[in-house]
$ cat coords_32.txt   # compact mmCIF, C-alpha atoms (C1' of nucleotides)
# COMPACT_ATOMS: atom_id res chain seq x y z
CA MET W 88 24.34 -8.83 27.05
CA SER W 89 22.19 -5.98 25.80
CA ILE W 90 23.42 -3.95 28.78
CA SER W 91 27.01 -4.66 27.81
CA LEU W 92 26.27 -3.53 24.27
CA GLU W 93 24.66 -0.34 25.51
CA ARG W 94 27.96 0.56 27.15
CA PHE W 95 30.34 -0.10 24.27
CA GLY W 96 28.29 -1.52 21.38
CA ASP W 97 29.49 0.93 18.78
CA ARG W 98 32.31 1.09 16.34
CA TRP W 99 34.77 3.02 18.51
CA SER W 100 34.42 2.21 22.19
CA LEU W 101 35.97 -1.24 22.06
CA LEU W 102 38.83 0.03 19.91
CA ILE W 103 39.56 2.68 22.53
CA ILE W 104 39.45 0.04 25.25
CA ARG W 105 41.77 -2.19 23.24
CA ASP W 106 44.27 0.62 22.77
CA LEU W 107 44.24 1.35 26.49
CA MET W 108 44.57 -2.33 27.26
CA VAL W 109 47.23 -3.65 24.93
CA ARG W 110 48.79 -0.72 23.09
CA GLY W 111 49.63 1.34 26.14
CA PHE W 112 47.73 4.44 25.04
CA ARG W 113 47.25 7.05 27.74
CA THR W 114 46.40 10.39 26.09
CA PHE W 115 43.80 11.94 23.83
CA LYS W 116 46.40 12.65 21.20
CA GLU W 117 47.53 9.04 20.96
CA PHE W 118 44.01 7.93 20.11
CA GLN W 119 43.61 10.76 17.67
CA GLU W 120 46.76 9.80 15.79
CA SER W 121 46.36 6.04 16.03
CA GLY W 122 45.47 5.76 12.36
CA GLU W 123 41.97 4.43 12.92
CA GLY W 124 40.75 7.92 12.08
CA ILE W 125 38.35 8.74 14.88
CA ALA W 126 37.04 12.31 14.90
CA THR W 127 37.96 14.36 17.95
CA ASN W 128 34.36 15.12 18.91
CA ILE W 129 33.45 11.45 18.80
CA LEU W 130 36.58 10.56 20.75
CA THR W 131 35.65 13.07 23.45
CA ASP W 132 32.13 11.72 23.57
CA ARG W 133 33.23 8.09 23.85
CA LEU W 134 35.83 8.75 26.52
CA GLN W 135 33.23 10.61 28.56
CA LYS W 136 30.67 7.85 28.17
CA LEU W 137 33.22 5.20 29.12
CA GLU W 138 34.15 7.27 32.14
CA ALA W 139 30.49 7.70 33.08
CA ALA W 140 30.08 3.94 32.76
CA GLY W 141 32.99 3.38 35.15
CA ILE W 142 35.14 1.67 32.54
CA VAL W 143 37.76 4.40 32.23
CA THR W 144 39.19 6.96 34.65
CA THR W 145 40.96 10.22 33.99
CA GLU W 146 43.71 11.89 35.94
CA ALA W 147 45.66 15.02 35.11
CA ALA W 148 49.30 14.23 34.35
CA GLU W 149 51.53 15.74 37.03
CA THR W 150 54.34 16.40 34.56
CA ASP W 151 52.18 18.31 32.08
CA GLY W 152 49.12 20.31 33.05
CA ARG W 153 47.56 20.11 29.62
CA ARG W 154 47.72 16.37 29.45
CA VAL W 155 45.04 14.01 30.73
CA ASN W 156 45.93 10.39 31.38
CA TYR W 157 43.22 7.88 30.65
CA ARG W 158 43.28 4.48 32.30
CA LEU W 159 41.03 1.47 32.48
CA THR W 160 39.28 0.71 35.75
CA GLY W 161 38.98 -2.82 37.12
CA LYS W 162 35.63 -3.00 35.38
CA GLY W 163 37.37 -1.97 32.19
CA ILE W 164 40.21 -4.45 32.45
CA ASP W 165 37.61 -7.18 32.98
CA LEU W 166 36.72 -6.72 29.34
CA ALA W 167 39.98 -8.40 28.38
CA PRO W 168 38.32 -11.80 27.76
CA VAL W 169 35.78 -10.19 25.43
CA LEU W 170 38.50 -8.45 23.43
CA LEU W 171 40.59 -11.60 23.27
CA GLU W 172 37.67 -13.60 21.88
CA LEU W 173 36.97 -10.89 19.34
CA LEU W 174 40.60 -10.96 18.28
CA ILE W 175 40.63 -14.74 17.96
CA TRP W 176 37.41 -14.81 15.97
CA GLY W 177 38.57 -12.13 13.57
CA ALA W 178 41.89 -13.82 13.03
CA GLN W 179 40.27 -17.20 12.41
CA HIS W 180 37.55 -16.06 10.08
CA GLU W 181 38.68 -12.92 8.32
CA GLU W 182 41.71 -11.87 6.37
CA THR W 183 44.02 -10.15 8.81
CA GLY W 184 47.68 -9.38 8.83
CA ALA W 185 48.13 -11.44 11.98
CA PRO W 186 50.53 -14.38 11.76
CA CYS W 187 48.54 -17.58 12.04
CA GLU W 188 50.70 -19.25 14.69
CA LEU W 189 50.40 -16.24 16.95
CA ILE W 190 46.63 -16.59 17.02
CA VAL W 191 46.78 -20.33 17.66
CA LYS W 192 49.11 -19.58 20.52
CA MET W 193 46.84 -16.92 21.98
CA ALA W 194 43.82 -19.20 21.80
CA LYS W 195 45.75 -21.98 23.50
CA ASP W 196 47.41 -19.82 26.15
CA ARG W 197 44.33 -17.72 26.77
CA GLU W 198 44.76 -17.65 30.52
CA ASP W 199 48.42 -16.67 30.29
CA VAL W 200 47.62 -13.84 27.92
CA LEU W 201 44.86 -12.58 30.22
CA ALA W 202 47.13 -12.82 33.25
CA GLU W 203 49.77 -10.81 31.42
CA ILE W 204 47.24 -8.14 30.47
CA ARG W 205 46.12 -7.90 34.10
CA ARG W 206 49.70 -7.69 35.33
CA ARG W 207 50.50 -4.88 32.95
CA TRP W 208 47.42 -3.02 34.11
CA ARG W 209 48.18 -3.49 37.84
CA GLU W 210 51.77 -2.40 37.44
CA ARG W 211 50.91 0.39 34.97
CA ASP W 212 53.31 -1.13 32.49
CA PRO W 213 52.75 0.81 29.26
CA THR W 214 54.73 -1.53 26.99
CA PRO W 215 52.59 -2.59 24.03
CA LEU W 216 51.56 -6.21 24.54
CA LEU W 217 52.27 -7.11 20.94
CA PRO W 218 54.84 -5.76 18.52
CA LYS W 219 53.48 -4.50 15.25
CA PHE W 220 53.48 -7.54 13.03
CA GLY W 221 56.88 -7.97 11.44
CA ASP W 222 58.57 -6.01 14.21
CA GLY W 223 60.56 -8.93 15.52
CA ALA W 224 61.16 -9.05 19.26
CA SER W 225 60.20 -5.53 20.29
CA GLY W 226 57.07 -6.41 22.24
CA ARG W 227 55.99 -8.62 25.07
CA PHE W 228 55.94 -11.66 22.75
CA SER W 229 58.72 -12.64 20.43
CA THR W 230 59.54 -15.27 17.84
CA ASN W 231 61.69 -18.15 18.95
CA PRO W 232 64.23 -20.04 16.79
CA SER W 233 61.78 -22.81 15.84
CA GLY W 234 59.50 -20.24 14.22
CA GLY W 235 56.85 -20.48 16.91
CA LEU W 236 55.97 -17.56 19.15
CA THR W 237 56.95 -17.54 22.79
CA PRO W 238 55.32 -15.28 25.34
CA LEU W 239 58.08 -13.64 27.36
CA ILE W 240 56.10 -14.25 30.52
CA ARG W 241 57.05 -17.89 30.21
CA ALA W 242 60.66 -17.24 29.31
CA GLY W 243 60.94 -15.03 32.39
CA MET T 230 39.61 -6.91 16.21
CA SER T 231 38.62 -3.92 14.11
CA ILE T 232 37.61 -6.34 11.38
CA SER T 233 35.38 -8.20 13.80
CA LEU T 234 33.79 -4.93 14.83
CA GLU T 235 33.20 -3.94 11.21
CA ARG T 236 31.08 -7.07 10.84
CA PHE T 237 28.89 -6.78 13.90
CA GLY T 238 30.04 -3.73 15.87
CA ASP T 239 26.66 -2.05 16.08
CA ARG T 240 23.80 -2.13 18.49
CA TRP T 241 21.74 -4.85 16.77
CA SER T 242 23.92 -7.41 15.03
CA LEU T 243 25.15 -9.19 18.14
CA LEU T 244 21.64 -9.25 19.60
CA ILE T 245 20.40 -10.94 16.43
CA ILE T 246 23.24 -13.44 16.65
CA ARG T 247 22.46 -14.09 20.30
CA ASP T 248 18.80 -14.73 19.53
CA LEU T 249 19.74 -17.17 16.79
CA MET T 250 22.27 -18.82 19.06
CA VAL T 251 20.52 -19.25 22.38
CA ARG T 252 16.88 -18.27 22.00
CA GLY T 253 16.11 -20.50 19.04
CA PHE T 254 14.89 -17.70 16.77
CA ARG T 255 14.48 -18.66 13.13
CA THR T 256 12.21 -16.12 11.42
CA PHE T 257 12.02 -12.41 10.69
CA LYS T 258 8.84 -12.11 12.73
CA GLU T 259 10.42 -13.57 15.85
CA PHE T 260 13.12 -10.91 15.82
CA GLN T 261 10.58 -8.21 15.12
CA GLU T 262 8.47 -9.21 18.11
CA SER T 263 11.33 -10.01 20.47
CA GLY T 264 10.69 -6.89 22.53
CA GLU T 265 14.06 -5.29 21.80
CA GLY T 266 12.21 -3.04 19.35
CA ILE T 267 14.26 -3.25 16.18
CA ALA T 268 12.77 -1.52 13.15
CA THR T 269 11.97 -3.80 10.23
CA ASN T 270 14.15 -1.95 7.75
CA ILE T 271 17.13 -2.13 10.09
CA LEU T 272 16.44 -5.80 10.75
CA THR T 273 16.40 -6.50 7.02
CA ASP T 274 19.61 -4.57 6.58
CA ARG T 275 21.41 -6.38 9.41
CA LEU T 276 20.29 -9.84 8.34
CA GLN T 277 21.52 -9.12 4.82
CA LYS T 278 24.85 -7.81 6.04
CA LEU T 279 25.32 -10.80 8.32
CA GLU T 280 24.49 -13.07 5.41
CA ALA T 281 26.94 -11.22 3.17
CA ALA T 282 29.58 -11.63 5.87
CA GLY T 283 28.96 -15.39 5.95
CA ILE T 284 27.71 -15.35 9.53
CA VAL T 285 24.10 -16.21 8.76
CA THR T 286 22.40 -18.26 6.05
CA THR T 287 18.83 -18.16 4.77
CA GLU T 288 16.69 -20.96 3.47
CA ALA T 289 13.03 -20.90 2.47
CA ALA T 290 10.92 -22.97 4.85
CA GLU T 291 9.53 -26.00 3.01
CA THR T 292 6.34 -25.98 5.06
CA ASP T 293 5.51 -22.34 4.35
CA GLY T 294 6.54 -20.51 1.20
CA ARG T 295 6.37 -17.08 2.81
CA ARG T 296 8.66 -17.95 5.63
CA VAL T 297 12.45 -17.66 5.55
CA ASN T 298 14.51 -19.56 8.08
CA TYR T 299 17.67 -17.85 9.29
CA ARG T 300 20.47 -19.90 10.74
CA LEU T 301 24.01 -19.28 11.92
CA THR T 302 26.88 -20.61 9.86
CA GLY T 303 29.92 -22.26 11.44
CA LYS T 304 31.55 -18.86 11.34
CA GLY T 305 28.53 -17.49 13.15
CA ILE T 306 28.44 -20.15 15.86
CA ASP T 307 32.13 -19.48 16.48
CA LEU T 308 31.01 -16.18 17.99
CA ALA T 309 29.66 -18.08 20.98
CA PRO T 310 32.75 -17.37 23.14
CA VAL T 311 32.46 -13.66 22.43
CA LEU T 312 28.80 -13.59 23.42
CA LEU T 313 29.45 -15.63 26.52
CA GLU T 314 32.15 -13.22 27.68
CA LEU T 315 29.86 -10.28 27.01
CA LEU T 316 27.15 -11.94 29.06
CA ILE T 317 29.50 -12.68 31.94
CA TRP T 318 30.90 -9.17 31.97
CA GLY T 319 27.47 -7.57 31.93
CA ALA T 320 26.23 -9.81 34.70
CA GLN T 321 29.29 -9.13 36.84
CA HIS T 322 29.42 -5.39 36.41
CA GLU T 323 25.94 -4.12 35.66
CA GLU T 324 22.55 -4.48 37.24
CA THR T 325 20.83 -7.31 35.44
CA GLY T 326 17.95 -9.57 36.25
CA ALA T 327 20.22 -12.60 36.01
CA PRO T 328 20.53 -14.75 39.12
CA CYS T 329 24.05 -14.44 40.46
CA GLU T 330 24.75 -18.16 40.87
CA LEU T 331 23.80 -18.82 37.29
CA ILE T 332 26.49 -16.45 36.09
CA VAL T 333 29.12 -17.92 38.39
CA LYS T 334 28.19 -21.32 37.03
CA MET T 335 28.45 -20.17 33.42
CA ALA T 336 31.84 -18.62 34.03
CA LYS T 337 33.07 -21.79 35.69
CA ASP T 338 31.56 -24.23 33.19
CA ARG T 339 32.40 -22.10 30.19
CA GLU T 340 33.49 -25.04 28.06
CA ASP T 341 30.37 -27.06 28.87
CA VAL T 342 28.13 -24.14 27.99
CA LEU T 343 29.94 -23.63 24.69
CA ALA T 344 29.77 -27.35 23.90
CA GLU T 345 26.04 -27.31 24.54
CA ILE T 346 25.56 -24.29 22.28
CA ARG T 347 27.50 -26.08 19.53
CA ARG T 348 25.50 -29.28 19.98
CA ARG T 349 22.21 -27.41 19.72
CA TRP T 350 23.43 -25.77 16.55
CA ARG T 351 24.63 -29.01 14.95
CA GLU T 352 21.43 -30.83 15.76
CA ARG T 353 19.22 -27.84 14.93
CA ASP T 354 17.75 -28.02 18.39
CA PRO T 355 15.61 -24.88 18.74
CA THR T 356 15.02 -25.15 22.49
CA PRO T 357 16.01 -21.91 24.20
CA LEU T 358 19.25 -22.48 26.07
CA LEU T 359 18.02 -20.63 29.13
CA PRO T 360 14.56 -20.28 30.58
CA LYS T 361 13.39 -16.76 31.17
CA PHE T 362 14.59 -15.95 34.65
CA GLY T 363 12.10 -17.20 37.20
CA ASP T 364 10.74 -19.82 34.81
CA GLY T 365 11.89 -22.79 36.83
CA ALA T 366 12.97 -25.88 34.91
CA SER T 367 11.61 -25.13 31.47
CA GLY T 368 14.95 -24.60 29.70
CA ARG T 369 18.17 -26.42 29.16
CA PHE T 370 19.33 -25.51 32.66
CA SER T 371 17.32 -25.98 35.82
CA THR T 372 17.62 -25.38 39.55
CA ASN T 373 18.59 -28.33 41.68
CA PRO T 374 17.47 -29.01 45.27
CA SER T 375 20.57 -27.43 46.81
CA GLY T 376 19.67 -24.13 45.18
CA GLY T 377 22.56 -24.29 42.71
CA LEU T 378 22.01 -24.53 38.99
CA THR T 379 22.70 -27.75 37.16
CA PRO T 380 23.22 -27.87 33.42
CA LEU T 381 21.07 -30.69 32.07
CA ILE T 382 23.96 -31.73 29.86
CA ARG T 383 25.59 -33.11 32.97
CA ALA T 384 22.46 -34.71 34.40
CA GLY T 385 21.52 -36.35 31.12
C1' DC M 128 -11.87 -20.57 -4.94
C1' DA M 129 -12.77 -15.79 -2.84
C1' DG M 130 -11.28 -12.94 0.76
C1' DG M 131 -8.79 -11.89 4.51
C1' DA M 132 -4.69 -12.78 7.34
C1' DT M 133 0.25 -13.40 7.57
C1' DC M 134 4.90 -13.26 6.10
C1' DA M 135 9.20 -10.92 4.75
C1' DC M 136 10.34 -7.13 3.26
C1' DT M 137 10.14 -1.69 1.02
C1' DT M 138 9.34 3.05 0.92
C1' DG M 139 9.10 7.83 2.49
C1' DC M 140 10.31 10.88 5.77
C1' DA M 141 11.67 12.81 10.43
C1' DT M 142 15.23 12.37 13.90
C1' DT M 143 19.64 11.13 15.58
C1' DT M 144 24.37 10.05 15.09
C1' DT M 145 28.59 10.57 12.79
C1' DG M 146 32.33 12.75 10.15
C1' DC M 147 35.05 16.74 8.95
C1' DA M 148 37.26 21.15 9.50
C1' DA M 149 38.12 24.96 11.98
C1' DG M 150 38.73 27.17 16.31
C1' DC M 151 39.38 27.81 21.55
C1' DG M 152 41.52 28.43 26.09
C1' DA M 153 44.97 26.59 29.00
C1' DT M 154 49.60 25.11 29.37
C1' DC M 155 54.15 24.20 27.70
C1' DG M 156 58.98 24.83 25.84
C1' DT M 157 62.23 28.33 24.32
C1' DA Z 227 57.00 36.91 25.31
C1' DC Z 228 55.58 33.90 21.71
C1' DG Z 229 54.54 30.11 19.07
C1' DA Z 230 53.53 25.14 19.57
C1' DT Z 231 50.84 21.60 21.72
C1' DC Z 232 47.25 19.75 24.56
C1' DG Z 233 42.36 18.33 25.28
C1' DC Z 234 38.26 19.68 23.77
C1' DT Z 235 34.22 22.49 21.38
C1' DT Z 236 31.54 24.33 17.52
C1' DG Z 237 29.17 24.49 13.02
C1' DC Z 238 27.60 22.12 9.48
C1' DA Z 239 27.09 18.35 5.98
C1' DA Z 240 26.39 13.45 5.38
C1' DA Z 241 25.05 9.07 6.85
C1' DA Z 242 22.60 5.92 9.85
C1' DT Z 243 18.49 5.01 12.41
C1' DG Z 244 13.61 5.01 13.82
C1' DC Z 245 8.78 5.08 12.63
C1' DA Z 246 4.59 4.32 10.05
C1' DA Z 247 2.51 2.90 6.21
C1' DG Z 248 2.44 0.02 2.25
C1' DT Z 249 3.64 -4.13 -1.09
C1' DG Z 250 3.51 -8.60 -3.23
C1' DA Z 251 3.62 -13.43 -2.40
C1' DT Z 252 1.71 -17.11 0.17
C1' DC Z 253 -1.33 -19.16 3.42
C1' DC Z 254 -5.67 -20.44 5.77
C1' DT Z 255 -10.72 -20.47 6.11
C1' DG Z 256 -15.29 -21.04 4.60
$ encode --input "coords_32.txt" --output "structure tokens"
Amino acid sequence: MSISLERFGDRWSLLIIRDLMVRGFRTFKEFQESGEGIATNILTDRLQKLEAAGIVTTEAAETDGRRVNYRLTGKGIDLAPVLLELLIWGAQHEETGAPCELIVKMAKDREDVLAEIRRRWRERDPTPLLPKFGDGASGRFSTNPSGGLTPLIRAG
Amino acid sequence: MSISLERFGDRWSLLIIRDLMVRGFRTFKEFQESGEGIATNILTDRLQKLEAAGIVTTEAAETDGRRVNYRLTGKGIDLAPVLLELLIWGAQHEETGAPCELIVKMAKDREDVLAEIRRRWRERDPTPLLPKFGDGASGRFSTNPSGGLTPLIRAG
DNA sequence: CAGGATCACTTGCATTTTGCAAGCGATCGT
DNA sequence: ACGATCGCTTGCAAAATGCAAGTGATCCTG
């Protein structure tokens, strides 16, 4: 556990990993503008450390020579369960904007959510896993008529 | 998730929580001498922040007026899944001293491990959940004749 | 009940990490 | 050719951390 924390036990690393994992971020600029307010020097430092730790890889974008695409490695995507538990804990115990039923659903369908995250990673599907709250049906999960939330992976 | 990380997203907080959760730590001195090398002022600061966040409670020990007993709250013990996932990830992807079969077992019997952690918390059982590696049968888990690892909660 | 040990902290100060703003070279679109 | 954009660096101030010594309350021993 202490080794895990040495790799990403700071305020930013796990947020970067989350954004790569479920928000479809690929580039430096996306992180910079994500609203969390990370400084560019810290962002550089964290991306390099995550790469050195084998959690993230970089590849130059073929369409744009300036751009660098960041991507999680298998080791990185294996952090999905950690992030999911962090999300569930925060939603259960702190004031968040997250709809309550959504969290219940994610806790119950844990394995489905993780499988969907892995699929998106394998297939390089950049669609954000979740809509911004209040967005309606624009993400991978959507509200159904009964007011509950239905993962699209079940609907087909 | 960012809210979770605001509460304990630093190098020490989760280690403190782990020690309370599975190593049976109760007092300031135990943390100080745990070998991780946390400075006393930082330890004070983290314990106070965790208390302010409702993750830890303090009570004066009735047997010794100097001593303060720290204990996880329900909110604190609910972090068990997070810590377990961190442990599993670290063991799978980094060089650790942990025996490989033990980790496989913990990943497989996740729910049993979590139930045992909760039971120990409810009953204020201070026995360390795990022996130090190589300790044999002195903890809550022990090796069985086939070389696998058997949680005592199943045997007893 | 005196004196020293122990406990949970505090304090002062050096070092490290972080945050902020500006700037840089390479590449891109026009 | 020229300005905009990209990932990243630099300089410097502010905050967090680490380290050593010290503090007051309580305990244990003789």
$ interface_residues --input "coords_32.txt" --of "chain T" --to "chain M" --cutoff "12 Å" --atoms "all atoms listed in the file" --output "ChimeraX atom specification"
/T:256-261,268-274,276-277,289-290,293-299
$ interface_residues --input "coords_32.txt" --of "chain Z" --to "chain T" --cutoff "9 Å" --atoms "only C-alpha atoms (C1' of nucleotides)" --output "ChimeraX atom specification"
/Z:243-245,251-253
$ atom_distance --input "coords_32.txt" --atom1 "CA of Thr356 in chain T" --atom2 "CA of Trp176 in chain W"
25.5 Å
$ atom_distance --input "coords_32.txt" --atom1 "CA of Ala194 in chain W" --atom2 "CA of Gly177 in chain W"
12.1 Å
$ atom_distance --input "coords_32.txt" --atom1 "CA of Glu280 in chain T" --atom2 "CA of Gly305 in chain T"
9.8 Å
$ interface_residues --input "coords_32.txt" --of "chain W" --to "chain T" --cutoff "8 Å" --atoms "all atoms listed in the file" --output "PyMOL selection string"
chain W and resi 88-93+96-98+102+162+165-166+168-170+172-174+176-178+180-181+183
$ axis_aligned_box --input "coords_32.txt" --around "range 244-263 of chain T" --padding-each-side "3 Å" --output "JSON"
{"center_x": 15.9, "center_y": -14.4, "center_z": 16.5, "size_x": 20.8, "size_y": 18.3, "size_z": 17.7}
